[in-house]
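Enquirer: Sharing a structure below in structure tokens format, with a few things to ask.
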Amino acid sequence: MTVVDQMAPGARRIRGRGRAADVVSRWAFMAPAALLLLAVLAYPIFYTIQISFAELDLGTFTATEWVGWDNYLTVIEDERFWNSLEVTGIYLVLALPLQMVLGFGIAFLINAEWKGRGLIRALFIIPMVVAPVVAGGVWRMMLDPLWGLVNYWMGLVGLGPFDWLGDPKLAMITIVIIDTWRWTPFVTLIATAALLSLPRDVFEAAEIDGANWWTTFWSITLPLLVPIIAATFVVRWLGAVKMFDIALAATNGGPGRATSVINLFIYEEAFRSLKFAESAAMAVIVLVITMVLTAVFLRGTRKLEGMY
Amino acid sequence: MGAVDIRGVRKSYGDHKVMHGVSIAIPDGEFVALVGPSGCGKSTLLRMIAGLEEITEGDILIGDRVINDVAPKDRDIAMVFQNYALYPHMSVRKNMAFALKLRRLPPAEIEKRVRSVAEILSLEPLLDRKPRALSGGQRQRVAMGRAIVRDPQVFLFDEPLSNLDAKLRVQMRSELKELHQRLGTTTVYVTHDQIEAMTLANRVVVMNAGRVEQVGAPLELYDRPDNLFVAAFIGSPPMNFLQGAVTEDRSGLTLPDGLVLAVPGGVYASAGTPVTIGIRPEHFTIASAGWPVAVSVIEPTGSETQISTRLAGRTLRVLIRGRTAVEPGETIHITAEPDNIHVFDTQTGLRIDRR
Amino acid sequence: MGQEQKRTGCLSRRALTAGLSAIATLALTSHGFAQTAAKDGGGLGTPEAPVEIRMIANEAFAKQWQTSMVPEFNKVYPNIRVKIDGVPYAELLAKSLLDVTGAKPTYDIIIADDPWIPQLARTGALLDLKKGAGQWTKPDYDWADFNASPLAAGEWEGVQYGVPLRSNMLLMFVNKALYAKAGLPAPTPSLTWAEYVAQAPKLVQDTNGDGKIDSWAVDTYFTRDSLTPTIWQTILNSNGGALLDKDNKPAFDNAEGVKALQAHIDLLKFAPPGASSHGFNESLQAFRQGQVATLFMWGSVFKGTAVDPATTTLTPDQVGIQVMPAGSRGPGAHRGIWSGAITNKSEHPQAAWALLQWLSSKEGEVWHANALGVFPARKSTLATAPEQAWLVPVYAALQQAYDTSASGQMWRPRLAKSDAVQQILADETSRAVAGQISADDALKSAAKKIERLLK
């Protein structure tokens, strides 16, 4: 007898009692969570959307006047907004692949048995638990051209000196480095768990079938990891889009606007310049872009999973 | 050329010894089953033949080549795993072709081989499916197909049927047997199921705690178990045992509680020796005279009936063909042919033969 | 305004906050429903029924006030309990604004930085200290004794909303030992920018003779920070220029402005390597470690940066403090006053005003300066001899800075959108400092944006 057959009597029983009662009880269980979600997630988002179409009176913090797409036009005409999007794009294109490759690469290395592996694994957690402001500050100190350690070390091998935070191009690299330092362990942890969960006998089968290290990696390990790599990428992507704390602490968006990622810009416009309506418009635009791209990534992920 | 010769193989993990000198010679074309309880070392031995475990001491030869230090892929073996170990991201066709591709066979040759094996195993309609779209039995077949397509010198099976339901298992068992008869490839088959071992193998190796207890043809193990372990392990329902000391006249057994039992044909050991006699349930017959036992449970299965009886506080199982009118609570008399009574030295566990 | 609308306003505030937080991950809070301010002022409390007032302040000094200032205050007003919440500087204005505009603000007292009073007052949430709180003003509270410049920080459109509690001015810190080492005379308040720049190359020097430059002429704000533009703004002011004209139109988009910004950028030539990313912390550290001869910085950090043996090896006789170098108009300074203001809806305005009065009174200021080293705003206090010797030159510098800042209007724009202006300036200044854009183009770009912002 199959599993489906065994379940059938239960299903019939529910149908017998009436579908309506079942639906009601299901919703009754879901209602508190749904309401809570609606209150803490949906309402603020809708309110942000409302604000973005209105003039905001700072005196009462209410949307006083419907101004249509005015805020959006203001934002779109603001080259700083486009600059921030571009900066965010550069950051994402640099940081995400780097973190994915490093994260999975390191997981691969520490997955092999060697002495002191446990300690290294434990040390790996540190960057994740350090507050971003502290991380930014510590890195600022380490990267300082005058008294920082990094330039001193690089000087020992004849490199530099580099103005890590003062040079616009280097500053972006610096942000990527700090962010990578902070988030690679996260990817590594997921990757390690993924590697451990891979079926051992499949690799043994491959070994007997004659696969060498490279073939095993390319034809077995990588395809088996694809769903997890894709999922990790989406998680990291959603995290990275929100990134602004490291930029805030390390460069404050500078020099110039070299590291002014979009969320730092929105934060500044909202809470420094108090331009809440325009910030809301920007937030909505970013939300839409993020949702669209996330949908694309999720589709891609599903495609990849289907392929493997 | 496909003979496997295992010579004094030992295995230890650090100081922990798990195999204590195992020697088995498997002639070319033979189907050998390694059987024993879990932890007996049968899987470890199989994995050492496959090259997935290091051999601590001793040699393993395939053909006339010592393969201790030969990489798994160069041993010319194929292995079927308990969980099938199919490549989940590859279609059935690719699963079967993978090893051939790695050997750089021409694509036409690969396709030909895959097709012919798929035909043997009725896998043709499934060739483009992924493993997750297959049933357990189908996956099992693919795993076998992947092994067969390589045309190896030796097949290694690691409990390949244990994940199938009972009905499918019986069916696959006969398919396996048929396949072996058709291909004639040397096969080493690990199982914990003695029925599987008995029905499939030309020879059965019973292992226990890292040692070989007995090697022999299936019926040999059944008829003349070398020791108490094999006697208890082979046969279902298991053999009945009675411990006691040989009586002065060697006609019977004095049980620990003083009861004296006459043993048909007598006991072939010196008087006073502590022995264990074993009688298979199916070898008892109900007679007008014999050991008086109280019937406690009757379990009819149609073709045969199992009767649980009590003899002075000990349970004895009796299996008779057909049905019986005996009722629980009744006292019946049971007896057995002298040839079907096995005598073992209680201390060494070894069989004592008629002299 | 109806109850329903109030409620929406309140929820909306939360929603806006949460909505932006969801993206910018910053959480703010707001509270409660409408309630009218206590008309009777809420009294000063009795031993049986003490009153409690709450204050929101910069976390940099909130704790010190709670542990040292409040007990001193309670010696005079034992029945007023004071609770001070410290908030990081970057979030203080936004949090204060969200709170005071709420139906029932948490805080009775808001501690506002120099440019914030107009932004807070514009919402109508602040109490007019002279008219609204006049009935509770002590007869001996001497308004005229305040220096005009710090008092003006608490004023907007002719109404006095705040009183100066922690006065601060952008000043020049001097490491006289490094000047001596370079064979230069120690600067005096009459030092001009021309003289300063002429001396600067000599101040980039190797002090220990190992062949490596180890000391530089200057450090200050160069990084992308809303306070960075105040440096060139002060240079502009000391040359008689202004950021905005009297119609609040940008007035810096000209040769004077470019000259000032360029002068700021050119300081980098004499600053330590990597100074282009230096801000408050980094420049303080450079001065503290004796690596720079001058530092343009807020005077309030003088103690910890230049004279406190716990934090620096510099000694009081090695260092000096004075106004920034003079331009064509006179010496430079830039105002940064923390004012105390009272919210309109406070239930205890009388008690809140009692605290602000006490702390800004002649006696309070003297205690505050001597006990905590906080800079005073009153002429009478600056005329006293401070108990702490390091304050003596500070007092002199402060008095001169107040005078010159008042006459030169050396402060950030007194506008509701002051911080937005400062943000634009910070942005463009940083681009110019980083060399991504010329000083001229940076100011043109900033002027265009500010004009549109203030339209």
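If you're wondering about the labels, chains in the structure tokens are A, B, ... by order shown, residues count from 1 in each chain, ligands from 1 in order shown.
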Could you work out which residues of chain B fall inside 12 Å of chain A? Count only C-alpha atoms, and format the result as a ChimeraX atom specification.
Expert: /B:47,49-53,70-91,94-104,129-132,135,143,146-152,155-156,158,165-167
Enquirer: Tell me which protein, DNA and RNA residues are within 12 Å of Tyr395 of chain C, counting only C-alpha atoms, leaving out same-chain ones fewer than 6 positions away, and put them as a ChimeraX atom specification.
Expert: /C:167-169,171,299-300,302,320-323,369-370,373-389,401-402
Enquirer: Please provide the set of residues having any atom within 10 Å of segment 56-67 of chain C, restricted to only C-alpha atoms, with same-chain residues fewer than 5 positions apart removed, written as a list in words.
Expert: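 The filter keeps Glu72, Val82, Lys83, Ile84, Asp85, Gly86, Val87, Pro88, Tyr89, Ala90, Glu91, Leu92, Leu93, Lys95, Ser96, Asp99, Thr106, Tyr107, Asp108, Ile109, Ile110, Ile111, Ala112, Asp113, Arg166, Trp338, Gly340, His368 and Leu372 of chain C.
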Enquirer: Hey, can you spit out that residue selection with C-alpha atoms as a JSON list (two decimals), in the first residue's frame?
Expert:
[["chain", "number", "residue", "atom", "x", "y", "z"],
["C", 72, "GLU", "CA", 24.17, 69.68, 41.46],
["C", 82, "VAL", "CA", 15.59, 64.82, 35.70],
["C", 83, "LYS", "CA", 15.98, 61.91, 33.30],
["C", 84, "ILE", "CA", 18.36, 62.37, 30.39],
["C", 85, "ASP", "CA", 18.33, 60.11, 27.33],
["C", 86, "GLY", "CA", 21.46, 60.09, 25.22],
["C", 87, "VAL", "CA", 21.12, 59.63, 21.47],
["C", 88, "PRO", "CA", 23.92, 59.41, 18.87],
["C", 89, "TYR", "CA", 24.54, 62.75, 17.18],
["C", 90, "ALA", "CA", 23.59, 61.46, 13.74],
["C", 91, "GLU", "CA", 20.11, 60.50, 14.89],
["C", 92, "LEU", "CA", 19.50, 63.23, 17.42],
["C", 93, "LEU", "CA", 17.75, 65.77, 15.20],
["C", 95, "LYS", "CA", 14.56, 61.67, 16.84],
["C", 96, "SER", "CA", 13.95, 65.03, 18.47],
["C", 99, "ASP", "CA", 9.23, 63.31, 19.24],
["C", 106, "THR", "CA", 8.26, 62.11, 25.64],
["C", 107, "TYR", "CA", 10.66, 64.93, 26.25],
["C", 108, "ASP", "CA", 10.25, 68.23, 28.06],
["C", 109, "ILE", "CA", 13.68, 69.47, 27.08],
["C", 110, "ILE", "CA", 15.39, 69.17, 23.72],
["C", 111, "ILE", "CA", 19.12, 69.78, 23.47],
["C", 112, "ALA", "CA", 19.64, 71.11, 19.97],
["C", 113, "ASP", "CA", 22.80, 71.71, 17.97],
["C", 166, "ARG", "CA", 27.30, 74.10, 25.92],
["C", 338, "TRP", "CA", 24.15, 73.41, 22.03],
["C", 340, "GLY", "CA", 18.36, 73.91, 25.54],
["C", 368, "HIS", "CA", 29.51, 73.98, 34.77],
["C", 372, "LEU", "CA", 32.95, 69.82, 33.88]]
Enquirer: What gap, in Å, lies between atom CA of Gly36 of chain B and atom CA of His192 of chain B?
Expert: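 Spanning atom CA of Gly36 of chain B to atom CA of His192 of chain B is a straight-line distance of 5.4 Å.
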Enquirer: Name all residues at most 9 Å from segment 412-425 of chain C (count only C-alpha atoms; drop same-chain ones fewer than 5 positions away) and give them as a VMD selection string.
Expert: (chain A and resid 268 to 269 272 to 275) or (chain C and resid 114 to 122 153 156 225 to 230 233 243 to 244 248 334 to 336 430 442 to 443 446 to 447 449 to 450 453 to 454)
Enquirer: Report the residues of segment 120-323 of chain B whose backbone DSSP state falls under alpha helix (DSSP H), written as a count of residues only.
Expert: 51
Enquirer: Find the spatial neighbours of Ala432 of chain C, counting only C-alpha atoms, within a cut-off of 12 Å - ignore same-chain residues fewer than 4 positions away - and output them as a ChimeraX atom specification.
Expert: /A:166-168,254-257 /C:222-224,228-229,232,258,261-266,268,276,425-428,436-446
Enquirer: Next, dump the selected residues to file, keeping only N, CA, C and O atoms, as a compact mmCIF listing (two decimals), in the first residue's frame.
Expert:
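Result file follows (result_28.txt):
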# COMPACT_ATOMS: atom_id res chain seq x y z
N GLY A 166 40.80 57.64 0.92
CA GLY A 166 40.80 58.97 0.31
C GLY A 166 40.70 58.92 -1.21
O GLY A 166 40.24 59.88 -1.82
N ASP A 167 41.13 57.82 -1.80
CA ASP A 167 41.07 57.71 -3.25
C ASP A 167 39.70 57.15 -3.66
O ASP A 167 39.30 56.09 -3.18
N PRO A 168 38.98 57.86 -4.52
CA PRO A 168 37.61 57.44 -4.84
C PRO A 168 37.52 56.00 -5.34
O PRO A 168 36.60 55.27 -4.95
N GLY A 254 31.82 58.78 1.12
CA GLY A 254 32.84 59.51 0.38
C GLY A 254 33.94 58.61 -0.11
O GLY A 254 33.83 57.40 0.04
N PRO A 255 34.99 59.12 -0.64
CA PRO A 255 35.15 60.54 -0.97
C PRO A 255 34.25 60.93 -2.14
O PRO A 255 33.99 60.09 -2.99
N GLY A 256 33.84 62.18 -2.14
CA GLY A 256 32.85 62.58 -3.13
C GLY A 256 31.61 61.74 -2.91
O GLY A 256 31.08 61.68 -1.81
N ARG A 257 31.20 61.04 -3.98
CA ARG A 257 30.05 60.14 -3.81
C ARG A 257 30.46 58.72 -4.15
O ARG A 257 29.62 57.89 -4.49
N PHE C 222 38.29 66.79 6.41
CA PHE C 222 38.38 66.71 4.94
C PHE C 222 37.41 65.69 4.38
O PHE C 222 37.08 65.71 3.22
N THR C 223 36.98 64.77 5.23
CA THR C 223 36.17 63.65 4.74
C THR C 223 34.77 64.10 4.37
O THR C 223 34.39 65.25 4.54
N ARG C 224 33.98 63.16 3.86
CA ARG C 224 32.60 63.48 3.51
C ARG C 224 31.80 63.55 4.80
O ARG C 224 31.44 62.53 5.38
N THR C 228 32.39 69.20 7.45
CA THR C 228 33.57 69.55 6.66
C THR C 228 33.44 70.92 5.97
O THR C 228 34.39 71.71 6.01
N PRO C 229 32.28 71.24 5.40
CA PRO C 229 32.18 72.55 4.73
C PRO C 229 32.35 73.73 5.69
O PRO C 229 32.63 74.84 5.23
N TRP C 232 35.82 75.65 5.10
CA TRP C 232 35.98 76.68 4.06
C TRP C 232 34.94 77.78 4.22
O TRP C 232 35.13 78.91 3.79
N VAL C 258 35.18 80.12 -4.32
CA VAL C 258 36.15 79.19 -4.89
C VAL C 258 37.48 79.31 -4.17
O VAL C 258 38.13 78.30 -3.85
N LEU C 261 37.15 77.57 -0.74
CA LEU C 261 37.15 76.11 -0.85
C LEU C 261 38.52 75.59 -1.28
O LEU C 261 39.04 74.60 -0.75
N GLN C 262 39.12 76.32 -2.24
CA GLN C 262 40.45 75.90 -2.71
C GLN C 262 41.46 75.97 -1.58
O GLN C 262 42.33 75.10 -1.44
N ALA C 263 41.34 77.02 -0.75
CA ALA C 263 42.26 77.15 0.40
C ALA C 263 42.11 75.93 1.33
O ALA C 263 43.10 75.39 1.82
N HIS C 264 40.87 75.52 1.55
CA HIS C 264 40.61 74.35 2.39
C HIS C 264 41.26 73.10 1.76
O HIS C 264 41.97 72.35 2.42
N ILE C 265 41.04 72.94 0.44
CA ILE C 265 41.60 71.77 -0.24
C ILE C 265 43.12 71.81 -0.21
O ILE C 265 43.79 70.79 0.02
N ASP C 266 43.68 73.02 -0.39
CA ASP C 266 45.14 73.14 -0.44
C ASP C 266 45.80 72.80 0.89
O ASP C 266 47.00 72.50 0.93
N LEU C 268 45.48 70.21 2.32
CA LEU C 268 45.87 68.80 2.20
C LEU C 268 47.35 68.64 1.86
O LEU C 268 47.97 67.63 2.22
N SER C 276 42.86 63.17 3.44
CA SER C 276 41.64 63.46 2.69
C SER C 276 40.46 62.66 3.21
O SER C 276 39.32 63.02 2.96
N LEU C 425 26.32 70.68 0.64
CA LEU C 425 27.67 71.24 0.69
C LEU C 425 28.69 70.15 0.99
O LEU C 425 29.77 70.10 0.39
N ALA C 426 28.34 69.26 1.91
CA ALA C 426 29.26 68.17 2.28
C ALA C 426 29.57 67.30 1.07
O ALA C 426 30.71 66.93 0.81
N ASP C 427 28.50 67.00 0.35
CA ASP C 427 28.61 66.17 -0.83
C ASP C 427 29.58 66.77 -1.85
O ASP C 427 30.54 66.12 -2.30
N GLU C 428 29.33 68.01 -2.20
CA GLU C 428 30.14 68.65 -3.25
C GLU C 428 31.55 68.95 -2.75
O GLU C 428 32.52 68.84 -3.49
N GLN C 436 37.63 64.86 -7.66
CA GLN C 436 36.76 64.37 -8.72
C GLN C 436 36.18 65.52 -9.54
O GLN C 436 35.62 65.30 -10.61
N ILE C 437 36.30 66.70 -9.02
CA ILE C 437 35.63 67.85 -9.61
C ILE C 437 36.40 69.09 -9.14
O ILE C 437 37.01 69.07 -8.07
N SER C 438 36.41 70.15 -9.92
CA SER C 438 37.14 71.35 -9.49
C SER C 438 36.33 72.09 -8.43
O SER C 438 35.12 71.89 -8.31
N ALA C 439 37.02 72.93 -7.67
CA ALA C 439 36.34 73.70 -6.62
C ALA C 439 35.23 74.55 -7.25
O ALA C 439 34.12 74.67 -6.70
N ASP C 440 35.54 75.10 -8.39
CA ASP C 440 34.58 75.94 -9.10
C ASP C 440 33.31 75.15 -9.43
O ASP C 440 32.19 75.57 -9.11
N ASP C 441 33.50 73.99 -10.07
CA ASP C 441 32.35 73.18 -10.47
C ASP C 441 31.57 72.67 -9.25
O ASP C 441 30.34 72.58 -9.28
N ALA C 442 32.32 72.35 -8.19
CA ALA C 442 31.66 71.86 -6.98
C ALA C 442 30.72 72.92 -6.43
O ALA C 442 29.57 72.62 -6.07
N LEU C 443 31.20 74.14 -6.38
CA LEU C 443 30.36 75.21 -5.81
C LEU C 443 29.20 75.53 -6.74
O LEU C 443 28.08 75.81 -6.27
N LYS C 444 29.45 75.51 -8.05
CA LYS C 444 28.35 75.75 -9.00
C LYS C 444 27.25 74.71 -8.79
O LYS C 444 26.06 75.02 -8.71
N SER C 445 27.69 73.44 -8.72
CA SER C 445 26.75 72.33 -8.55
C SER C 445 25.98 72.49 -7.23
O SER C 445 24.76 72.32 -7.18
N ALA C 446 26.73 72.83 -6.16
CA ALA C 446 26.10 72.99 -4.85
C ALA C 446 25.10 74.13 -4.88
O ALA C 446 23.97 74.02 -4.36
Enquirer: If we count only C-alpha atoms, what is near Ser197 of chain A at a cut-off of 12 Å, once residues fewer than 4 positions away on the same chain are taken out, given as a VMD selection string?
Expert: chain A and resid 111 190 to 193 201 to 202 221 224 to 225 228
Enquirer: What residues in chain A have any atom no more than 9 Å from chain C when counting only C-alpha atoms, and can you write them as a PyMOL selection string?
Expert: chain A and resi 40-49+51+57-63+141+144-146+162-168+242-245+251-258+263-264+266-276+279-280+283+286-287
Enquirer: Identify which of the residues B:Ala336, B:Val92, B:Leu34, B:Ile307 lies closest to Gly265 of chain B, counting only C-alpha atoms when measuring atom-to-atom distances.
Expert: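 Checking each of B:Ala336, B:Val92, B:Leu34, B:Ile307 against Gly265 of chain B, counting only C-alpha atoms, the winner is B:Ala336.
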Enquirer: Considering only C-alpha atoms, return as a list in words whatever protein or nucleic-acid residues lie within 7 Å of segment 37-40 of chain B, sequence-local ones (same chain, fewer than 5 positions apart) excluded.
Expert: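 Close residues of segment 37-40 of chain B: His192, Met207, Asn208, Ala209 and Gly210 of chain B.
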Enquirer: Between atom CA of Gly279 of chain C and atom CA of Thr220 of chain C, what is the distance, to one decimal in Å?
Expert: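 So the two atoms, atom CA of Gly279 of chain C and atom CA of Thr220 of chain C, lie 6.4 Å apart.
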Enquirer: Quick check for you: according to DSSP on this backbone, which residues of segment 18-160 of chain A are classed as strand (DSSP E or B)? Reply as a PDB file with C-alpha atoms, in the first residue's frame.
Expert:
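Final output, saved to part33.pdb:
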ATOM      1  CA  ALA A  54       2.452  63.547  -1.076  1.00  0.00           C
ATOM      2  CA  GLU A  55       3.924  66.612   0.461  1.00  0.00           C
ATOM      3  CA  LEU A  56       4.901  65.854   4.008  1.00  0.00           C
ATOM      4  CA  ASP A  57       4.224  68.409   6.700  1.00  0.00           C
ATOM      5  CA  THR A  62       1.177  63.788   7.935  1.00  0.00           C
ATOM      6  CA  ALA A  63       0.863  63.677   4.191  1.00  0.00           C
ATOM      7  CA  THR A  64      -0.862  66.966   3.563  1.00  0.00           C
ATOM      8  CA  GLU A  65      -1.221  67.246  -0.150  1.00  0.00           C
ATOM      9  CA  TRP A  66      -1.380  64.792  -3.005  1.00  0.00           C
TER      10      TRP A  66
END
Enquirer: Could you state the separation of atom CA of Thr311 of chain C and atom CA of Arg288 of chain C in Å, given to one decimal place?
Expert: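 If I compute the distance from atom CA of Thr311 of chain C to atom CA of Arg288 of chain C, I get 7.6 Å.
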